[in-house]
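One file, data-v8.txt, is given below (compact mmCIF, C-alpha atoms).
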# COMPACT_ATOMS: atom_id res chain seq x y z
CA MET A 25 -15.85 13.72 71.21
CA SER A 26 -13.40 15.24 73.63
CA CYS A 27 -9.74 15.39 72.76
CA ALA A 28 -7.65 15.67 75.87
CA VAL A 29 -4.23 17.17 75.41
CA TRP A 30 -1.68 14.45 75.77
CA ALA A 31 0.70 16.08 78.16
CA PRO A 32 1.20 13.46 80.89
CA THR A 33 2.66 10.73 78.73
CA ARG A 34 4.20 12.75 75.95
CA SER A 35 7.63 12.68 77.53
CA GLN A 36 7.56 8.90 77.48
CA LEU A 37 7.37 8.82 73.73
CA GLU A 38 10.00 11.47 73.36
CA LYS A 39 12.37 9.35 75.44
CA PRO A 40 12.07 5.82 74.09
CA ALA A 41 13.51 2.97 76.12
CA GLN A 42 17.19 2.45 75.42
CA SER A 43 17.64 -1.05 76.75
CA GLN A 44 15.30 -3.12 74.63
CA TRP A 45 16.27 -5.13 71.58
CA GLY A 46 13.29 -4.25 69.39
CA ARG A 47 10.25 -2.05 69.28
CA VAL A 48 7.74 -2.89 71.98
CA THR A 49 4.30 -1.35 72.09
CA SER A 50 2.17 -1.48 75.17
CA LEU A 51 -1.35 -2.34 74.14
CA PHE A 52 -2.51 -1.29 77.59
CA ALA A 53 -1.67 2.33 76.84
CA ALA A 54 -4.75 3.06 74.76
CA PRO A 55 -8.09 1.24 74.87
CA TRP A 56 -8.80 1.89 71.20
CA VAL A 57 -5.73 0.10 69.94
CA LEU A 58 -6.88 -3.51 70.13
CA GLU A 59 -10.18 -2.63 68.53
CA ALA A 60 -8.40 -0.82 65.71
CA LEU A 61 -6.00 -3.68 65.11
CA ASP A 62 -8.90 -6.12 64.94
CA ARG A 63 -10.82 -3.89 62.56
CA ILE A 64 -7.83 -3.61 60.22
CA SER A 65 -7.51 -7.39 60.25
CA THR A 66 -11.15 -7.90 59.33
CA LEU A 67 -10.66 -5.78 56.20
CA GLY A 68 -8.93 -8.87 54.84
CA ASP A 69 -12.28 -10.65 54.89
CA LEU A 70 -13.81 -8.29 52.36
CA PRO A 71 -14.39 -9.99 49.02
CA PRO A 72 -13.26 -8.62 45.67
CA ASN A 73 -15.60 -5.88 44.48
CA TRP A 74 -16.44 -5.01 48.08
CA ASP A 75 -17.53 -1.51 47.01
CA GLY A 76 -19.49 -2.54 43.92
CA TYR A 77 -17.07 -0.64 41.68
CA GLY A 78 -14.62 -3.46 41.12
CA SER A 79 -12.10 -2.73 43.88
CA PRO A 80 -9.73 -5.60 44.66
CA ARG A 81 -9.40 -7.25 48.06
CA ILE A 82 -7.57 -5.27 50.69
CA ASP A 83 -3.90 -6.12 50.32
CA ILE A 84 -2.15 -7.93 53.15
CA ARG A 85 0.83 -5.54 52.90
CA ALA A 86 -1.44 -2.53 53.28
CA ARG A 87 -3.10 -4.12 56.29
CA GLY A 88 0.28 -4.91 57.81
CA ALA A 89 1.51 -1.37 57.34
CA ALA A 90 -1.65 0.06 58.89
CA ARG A 91 -1.36 -2.28 61.88
CA ARG A 92 2.28 -1.36 62.46
CA PHE A 93 1.39 2.31 62.26
CA VAL A 94 -1.45 1.97 64.77
CA ALA A 95 0.81 0.07 67.16
CA SER A 96 3.44 2.77 66.88
CA VAL A 97 1.09 5.65 67.68
CA ALA A 98 -0.83 3.95 70.47
CA PHE A 99 -1.14 6.77 72.93
CA GLU A 100 -4.06 7.36 75.19
CA GLY A 101 -5.03 10.90 74.23
CA LEU A 102 -5.76 9.88 70.67
CA PRO A 103 -9.38 9.28 69.70
CA SER A 104 -10.32 6.06 67.97
CA PRO A 105 -9.80 6.25 64.19
CA HIS A 106 -12.36 5.36 61.59
CA ILE A 107 -10.90 2.52 59.61
CA SER A 108 -11.95 2.18 56.02
CA PRO A 109 -11.17 -0.01 53.05
CA VAL A 110 -9.82 2.03 50.17
CA LEU A 111 -9.81 1.40 46.46
CA GLY A 112 -6.77 -0.32 45.03
CA GLY A 113 -6.44 -2.67 48.01
CA SER A 114 -5.40 0.08 50.41
CA VAL A 115 -6.34 0.84 54.01
CA GLY A 116 -7.52 4.21 55.30
CA LEU A 117 -7.26 5.53 58.85
CA HIS A 118 -9.17 8.70 59.63
CA TRP A 119 -8.73 10.59 62.87
CA ARG A 120 -10.78 13.62 63.83
CA CYS A 121 -10.37 16.02 66.73
CA GLY A 122 -12.60 19.07 66.51
CA ASP A 123 -11.81 20.93 63.31
CA ARG A 124 -8.59 19.04 62.85
CA GLU A 125 -8.49 15.81 60.90
CA LEU A 126 -5.92 13.41 59.57
CA GLU A 127 -6.45 10.79 56.91
CA PHE A 128 -3.72 8.24 56.26
CA THR A 129 -3.82 5.94 53.24
CA PHE A 130 -1.68 2.81 53.39
CA GLN A 131 -1.04 1.49 49.92
CA PRO A 132 0.08 -2.03 48.98
CA ASP A 133 3.44 -0.73 47.71
CA GLY A 134 4.28 0.68 51.14
CA THR A 135 3.44 4.28 50.35
CA ILE A 136 1.68 6.14 53.16
CA GLU A 137 -0.17 9.26 52.07
CA PHE A 138 -1.76 11.74 54.40
CA LEU A 139 -4.39 14.43 54.16
CA ARG A 140 -4.40 17.04 56.91
CA ILE A 141 -7.43 19.20 57.63
CA LEU A 142 -6.47 22.35 59.49
CA GLY A 143 -9.82 24.12 59.67
CA ALA A 144 -13.53 23.81 59.04
CA ASP A 145 -13.63 25.86 55.85
CA LEU A 146 -12.38 23.35 53.31
CA ASP A 147 -12.74 25.80 50.43
CA ARG A 148 -9.73 27.66 51.80
CA ASP A 149 -6.71 26.00 50.27
CA GLU A 150 -4.58 26.65 53.34
CA ASN A 151 -6.94 24.45 55.35
CA ILE A 152 -6.08 21.25 53.47
CA GLU A 153 -2.63 19.80 53.08
CA GLU A 154 -1.70 16.53 51.46
CA GLY A 155 1.57 14.68 51.31
CA THR A 156 3.45 11.44 51.63
CA LEU A 157 5.20 10.11 54.71
CA ARG A 158 8.55 9.29 53.16
CA HIS A 159 11.14 9.14 55.94
CA GLU A 160 10.49 7.29 59.21
CA PRO A 161 6.76 7.30 58.53
CA GLU A 162 5.71 6.22 62.01
CA THR A 163 7.56 9.14 63.59
CA ALA A 164 6.26 11.58 61.01
CA GLY A 165 2.73 10.26 61.49
CA LEU A 166 3.04 10.54 65.24
CA LYS A 167 4.05 14.19 64.92
CA LEU A 168 0.98 14.85 62.80
CA LEU A 169 -1.26 13.13 65.34
CA LEU A 170 0.30 15.12 68.18
CA TRP A 171 -0.48 18.27 66.23
CA MET A 172 -4.06 17.09 65.81
CA VAL A 173 -4.69 16.57 69.51
CA GLY A 174 -3.08 19.87 70.31
CA ALA A 175 0.04 18.64 72.03
CA ARG A 176 2.34 20.28 69.55
CA MET B 11 -9.40 5.81 27.04
CA PRO B 12 -10.68 8.93 25.25
CA SER B 13 -10.60 12.09 27.31
CA ARG B 14 -13.98 13.07 28.66
CA GLN B 15 -15.67 16.33 27.83
CA ASN B 16 -17.80 18.26 30.28
CA ASP B 17 -21.44 18.06 29.24
CA PRO B 18 -22.89 21.56 29.51
CA ALA B 19 -26.36 20.16 28.92
CA ILE B 20 -26.26 18.77 32.46
CA ALA B 21 -27.23 21.76 34.59
CA ASP B 22 -25.37 22.64 37.78
CA ASP B 23 -28.47 22.06 39.88
CA THR B 24 -28.88 18.51 38.62
CA LEU B 25 -28.89 16.11 41.53
CA LEU B 26 -26.49 13.17 41.35
CA CYS B 27 -26.24 10.11 43.54
CA ARG B 28 -23.48 7.64 44.25
CA ALA B 29 -23.50 4.41 46.20
CA ILE B 30 -21.07 4.50 49.13
CA SER B 31 -19.97 1.33 50.89
CA ASN B 32 -21.13 1.30 54.52
CA SER B 33 -17.51 0.87 55.52
CA GLN B 34 -16.72 4.24 53.93
CA VAL B 35 -19.24 6.16 56.03
CA CYS B 36 -17.80 8.00 59.01
CA ARG B 37 -19.42 9.79 61.91
CA GLY B 38 -18.70 13.31 63.05
CA ASP B 39 -18.76 14.84 66.49
CA GLU B 40 -22.47 15.56 66.41
CA GLY B 41 -23.38 12.09 65.22
CA THR B 42 -23.80 13.25 61.65
CA GLU B 43 -22.67 10.84 58.98
CA ARG B 44 -20.81 11.58 55.80
CA PRO B 45 -18.85 9.63 53.20
CA GLU B 46 -15.13 9.27 53.65
CA SER B 47 -13.10 11.14 51.04
CA TRP B 48 -11.85 7.83 49.64
CA ALA B 49 -15.39 7.18 48.38
CA PHE B 50 -14.89 9.94 45.81
CA LEU B 51 -11.70 8.60 44.30
CA SER B 52 -11.23 6.12 41.50
CA ASP B 53 -8.22 4.26 40.12
CA ASP B 54 -9.01 5.48 36.62
CA ASN B 55 -10.09 8.97 37.71
CA GLU B 56 -13.67 8.28 36.66
CA VAL B 57 -16.05 8.33 39.61
CA SER B 58 -19.41 6.82 38.79
CA ALA B 59 -22.66 8.56 39.67
CA TRP B 60 -26.23 8.59 38.51
CA ILE B 61 -28.64 11.40 37.68
CA VAL B 62 -31.30 11.10 40.38
CA ALA B 63 -34.18 12.25 38.18
CA GLU B 64 -33.36 9.59 35.61
CA THR B 65 -32.58 6.60 37.78
CA ASN B 66 -34.44 4.26 40.06
CA LEU B 67 -32.97 4.68 43.54
CA GLU B 68 -34.43 1.42 44.79
CA ALA B 69 -32.82 -0.45 41.92
CA LEU B 70 -29.54 1.30 42.65
CA LYS B 71 -29.73 0.31 46.31
CA ALA B 72 -30.37 -3.28 45.28
CA ARG B 73 -27.38 -3.20 42.95
CA PHE B 74 -25.11 -1.95 45.73
CA PRO B 75 -25.90 -3.96 48.87
CA ASN B 76 -24.17 -2.91 52.09
CA SER B 77 -24.07 0.62 50.77
CA ARG B 78 -25.62 4.01 51.37
CA ILE B 79 -26.72 6.48 48.73
CA ALA B 80 -25.08 9.90 48.78
CA GLU B 81 -26.53 12.88 46.94
CA PHE B 82 -24.74 15.96 45.64
CA THR B 83 -25.19 18.34 42.75
CA VAL B 84 -23.39 18.60 39.44
CA GLY B 85 -22.45 22.14 40.45
CA GLU B 86 -20.73 20.86 43.58
CA ALA B 87 -18.76 18.33 41.54
CA ARG B 88 -17.74 21.03 39.06
CA LYS B 89 -16.90 23.55 41.76
CA TYR B 90 -14.17 21.22 42.91
CA GLY B 91 -12.40 21.00 39.61
CA ASN B 92 -14.26 18.20 37.90
CA ILE B 93 -16.10 17.68 34.66
CA VAL B 94 -19.32 15.70 34.47
CA ALA B 95 -20.01 13.59 31.40
CA ARG B 96 -22.67 11.12 30.47
CA ASP B 97 -21.49 7.52 30.25
CA PRO B 98 -24.40 5.19 29.53
CA ALA B 99 -22.62 2.17 31.00
CA GLU B 100 -24.40 -1.15 30.52
CA GLY B 101 -27.18 0.64 28.73
CA ASP B 102 -28.00 2.86 31.70
CA PRO B 103 -28.51 6.39 30.33
CA SER B 104 -28.60 7.90 33.82
CA HIS B 105 -24.97 6.96 34.49
CA VAL B 106 -22.40 9.76 34.48
CA VAL B 107 -18.73 9.95 35.32
CA ILE B 108 -17.05 12.66 37.36
CA CYS B 109 -13.51 13.23 36.16
CA PRO B 110 -10.79 15.70 37.13
CA SER B 111 -10.56 18.66 34.78
CA PRO B 112 -7.74 18.25 32.26
CA GLY B 113 -4.36 19.03 33.75
CA LYS B 114 -5.55 18.90 37.33
CA PRO B 115 -2.65 17.98 39.64
CA THR B 116 -2.87 14.71 41.55
CA LYS B 117 -2.56 16.56 44.86
CA LYS B 118 -5.63 18.61 44.06
CA ILE B 119 -7.60 15.52 43.09
CA ARG B 120 -7.07 14.17 46.59
CA LYS B 121 -8.05 17.44 48.27
CA ASP B 122 -11.11 17.94 46.11
CA ALA B 123 -12.32 14.42 46.87
CA ARG B 124 -12.38 15.45 50.52
CA ARG B 125 -14.23 18.65 49.70
CA LEU B 126 -16.86 16.87 47.64
CA ALA B 127 -17.27 14.23 50.36
CA SER B 128 -18.04 17.00 52.85
CA LYS B 129 -20.81 18.30 50.58
CA ALA B 130 -22.45 14.95 49.90
CA ARG B 131 -25.61 14.17 51.81
CA LEU B 132 -26.32 10.59 52.81
CA LEU B 133 -29.88 9.40 52.32
CA PRO B 134 -31.49 7.59 55.24

Taking this structure as input, can you express it in the form of structure tokens?
Amino acid sequence: MSCAVWAPTRSQLEKPAQSQWGRVTSLFAAPWVLEALDRISTLGDLPPNWDGYGSPRIDIRARGAARRFVASVAFEGLPSPHISPVLGGSVGLHWRCGDRELEFTFQPDGTIEFLRILGADLDRDENIEEGTLRHEPETAGLKLLLWMVGAR
Amino acid sequence: MPSRQNDPAIADDTLLCRAISNSQVCRGDEGTERPESWAFLSDDNEVSAWIVAETNLEALKARFPNSRIAEFTVGEARKYGNIVARDPAEGDPSHVVICPSPGKPTKKIRKDARRLASKARLLP
């Protein structure tokens, strides 16, 4: 999978439109976005115990948070994420770009956790970082994704 | 729930298997497949697995439809800060649970799930 550096359109995100009343996301910006939004929606069709270990259905709030996040980071240089149901009714988005990876977990209570892989040798503690997106999570997540594709 | 004790009678080279939902299998750059890290987490910090030599893989596959079987060793689970204990759930003596070592920080649990996922090998 190639991961083109996202230079041409980066300035657009850094200078958001000033004259609109609410957030508008162009779904034409990135081909993977519609597919990802659909996939997140279909997680709601999974029955209870979808994993065989008693996990509950994927929570509508977690799905909503994941969809909003995807819409807010819909830039073209980003590869398509792997979208996974997660125990506890959560949603997982996993992006990979070479040795760099990002996993976001959207929990029903609104918490967004991330796991950042910085290198191939996972036994080195400095190559894995975990945390929670607490303040302006979409912006913080976007910064992480820009790091992943090498734009920052 | 009583705290689990590591079972030293289960050797490090013992092969374990765990059923992984198809939706928790991701693909790498070279087309290789592996479980997502979320497949090695549990709400109660007890991740189920089975001792391969003592279980019937076909029966396990039938019990977990829409899933793949991932193999890894007890040593790999322990290397990443876990204990392995027998838990003969529903009368199945091959069933074990993989639990974080006592006092393991939550942050490390998350990281080690990713590490173990990278070691697990998916059966065809």

Write out as a VMD selection string which residues come within 10 Å of A:Ala89 when counting only C-alpha atoms, dropping same-chain ones fewer than 6 positions away. chain A and resid 95 114 to 115 129 to 136 162

Residues from the last selection, C-alpha atoms, saved as a compact mmCIF listing (two decimals), in the frame of the given file:
# COMPACT_ATOMS: atom_id res chain seq x y z
CA ALA A 95 0.81 0.07 67.16
CA SER A 114 -5.40 0.08 50.41
CA VAL A 115 -6.34 0.84 54.01
CA THR A 129 -3.82 5.94 53.24
CA PHE A 130 -1.68 2.81 53.39
CA GLN A 131 -1.04 1.49 49.92
CA PRO A 132 0.08 -2.03 48.98
CA ASP A 133 3.44 -0.73 47.71
CA GLY A 134 4.28 0.68 51.14
CA THR A 135 3.44 4.28 50.35
CA ILE A 136 1.68 6.14 53.16
CA GLU A 162 5.71 6.22 62.01

Excluding same-chain residues fewer than 2 positions from A:Pro71, what lies within 12 Å of it counting only C-alpha atoms, as a list in words? Thr66, Leu67, Gly68, Asp69, Asn73, Trp74, Asp75, Gly76, Gly78, Ser79, Pro80, Arg81, Ile82, Asp83, Pro109 and Gly113 of chain A

Selected residue, from B:Leu25, B:Ile61, B:Val107, B:Ala49, that lies nearest to chain A when counting all atoms listed in the file: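 Of B:Leu25, B:Ile61, B:Val107, B:Ala49, the one nearest chain A, counting all atoms listed in the file, is B:Ala49.
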
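Nearest to chain B of all the residues A:Val94, A:Leu126, A:Leu139, A:Leu157 is A:Leu139, based on all atoms listed in the file.
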
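Here the question is which of B:Gly38, B:Pro45, B:Leu67, B:Ile20 gets nearest to A:Asp123 using only C-alpha atoms, and that residue is B:Gly38.
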
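Shortest atom-to-atom contact with B:Ser58 among B:Arg96, B:Arg73, B:Arg37, B:Arg78: B:Arg96, counting all atoms listed in the file.
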
In Å, rounded to a single decimal, give me how far atom CA of A:Gly122 is from atom CA of A:Gly174.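 The value is 10.3 Å.
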
Find the nearest atom pair between each residue of chain A and chain B for residues within 10 Å, count all atoms listed in the file, give distances in Å to one decimal, sort rows by chain and ascending number, and present the table as a tab-separated table.
residue	atom	partner	partner_atom	distance
A:Met25	CA	B:Asp39	CA	5.7
A:Ser26	CA	B:Asp39	CA	8.9
A:Leu67	CA	B:Ser33	CA	9.6
A:Trp74	CA	B:Ser31	CA	7.8
A:Asp75	CA	B:Ser31	CA	5.4
A:Gly76	CA	B:Phe74	CA	5.9
A:Tyr77	CA	B:Ser58	CA	8.3
A:Ser79	CA	B:Asp53	CA	8.8
A:Pro105	CA	B:Cys36	CA	9.7
A:His106	CA	B:Cys36	CA	6.6
A:Ile107	CA	B:Ser33	CA	7.9
A:Ser108	CA	B:Gln34	CA	5.6
A:Pro109	CA	B:Ser33	CA	6.9
A:Val110	CA	B:Trp48	CA	6.2
A:Leu111	CA	B:Ser52	CA	7.0
A:Gly112	CA	B:Asp53	CA	6.9
A:Val115	CA	B:Trp48	CA	9.9
A:Gly116	CA	B:Trp48	CA	8.0
A:His118	CA	B:Glu46	CA	8.5
A:Arg120	CA	B:Gly38	CA	8.0
A:Cys121	CA	B:Asp39	CA	8.5
A:Gly122	CA	B:Asp39	CA	7.5
A:Asp123	CA	B:Asp39	CA	9.8
A:Glu127	CA	B:Ser47	CA	8.9
A:Thr129	CA	B:Trp48	CA	9.0
A:Phe138	CA	B:Arg120	CA	9.8
A:Leu139	CA	B:Lys121	CA	7.6
A:Arg140	CA	B:Lys121	CA	9.4
A:Ile141	CA	B:Arg124	CA	9.4
A:Asp145	CA	B:Arg125	CA	9.5
A:Leu146	CA	B:Arg125	CA	6.2
A:Asp147	CA	B:Arg125	CA	7.3
A:Asp149	CA	B:Lys121	CA	8.9
A:Ile152	CA	B:Lys121	CA	6.7
A:Glu153	CA	B:Lys121	CA	7.6
A:Glu154	CA	B:Lys117	CA	6.7
A:Gly155	CA	B:Lys117	CA	7.9

Kindly give the distance, in Å, that separates atom CA of B:Thr116 and atom CA of B:Ala21, rounded to a single decimal. 26.3 Å

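For the choices A:Ala144, A:Leu102, A:Ile84, A:Ala90, the atom-to-atom distance to A:Trp171 is smallest for A:Leu102 when using all atoms listed in the file.
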
Just give me the gap between atom CA of A:Ser96 and atom CA of A:Lys167 in Å, one decimal is fine. 11.6 Å

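Among the candidate residues A:Thr163, A:Met172, A:Gly143, A:Arg124, the one lying nearest to A:Arg92 is A:Thr163, with distances computed using all atoms listed in the file.
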
Can you tell me, as lines of an AutoDock Vina configuration file, the centre and edge lengths (Å, one decimal) of the axis-aligned box enclosing all of stretch 38-54 of chain B's listed atoms after padding each side by 6 Å?
center_x = -16.0
center_y = 9.9
center_z = 51.6
size_x = 27.6
size_y = 23.3
size_z = 41.9

Near B:Asp97, counting all atoms listed in the file, which residues have an atom at most 10 Å away, once you skip same-chain residues fewer than 3 positions from it, shown as an MDAnalysis selection string? chainID B and resid 14 58:60 94 100:108
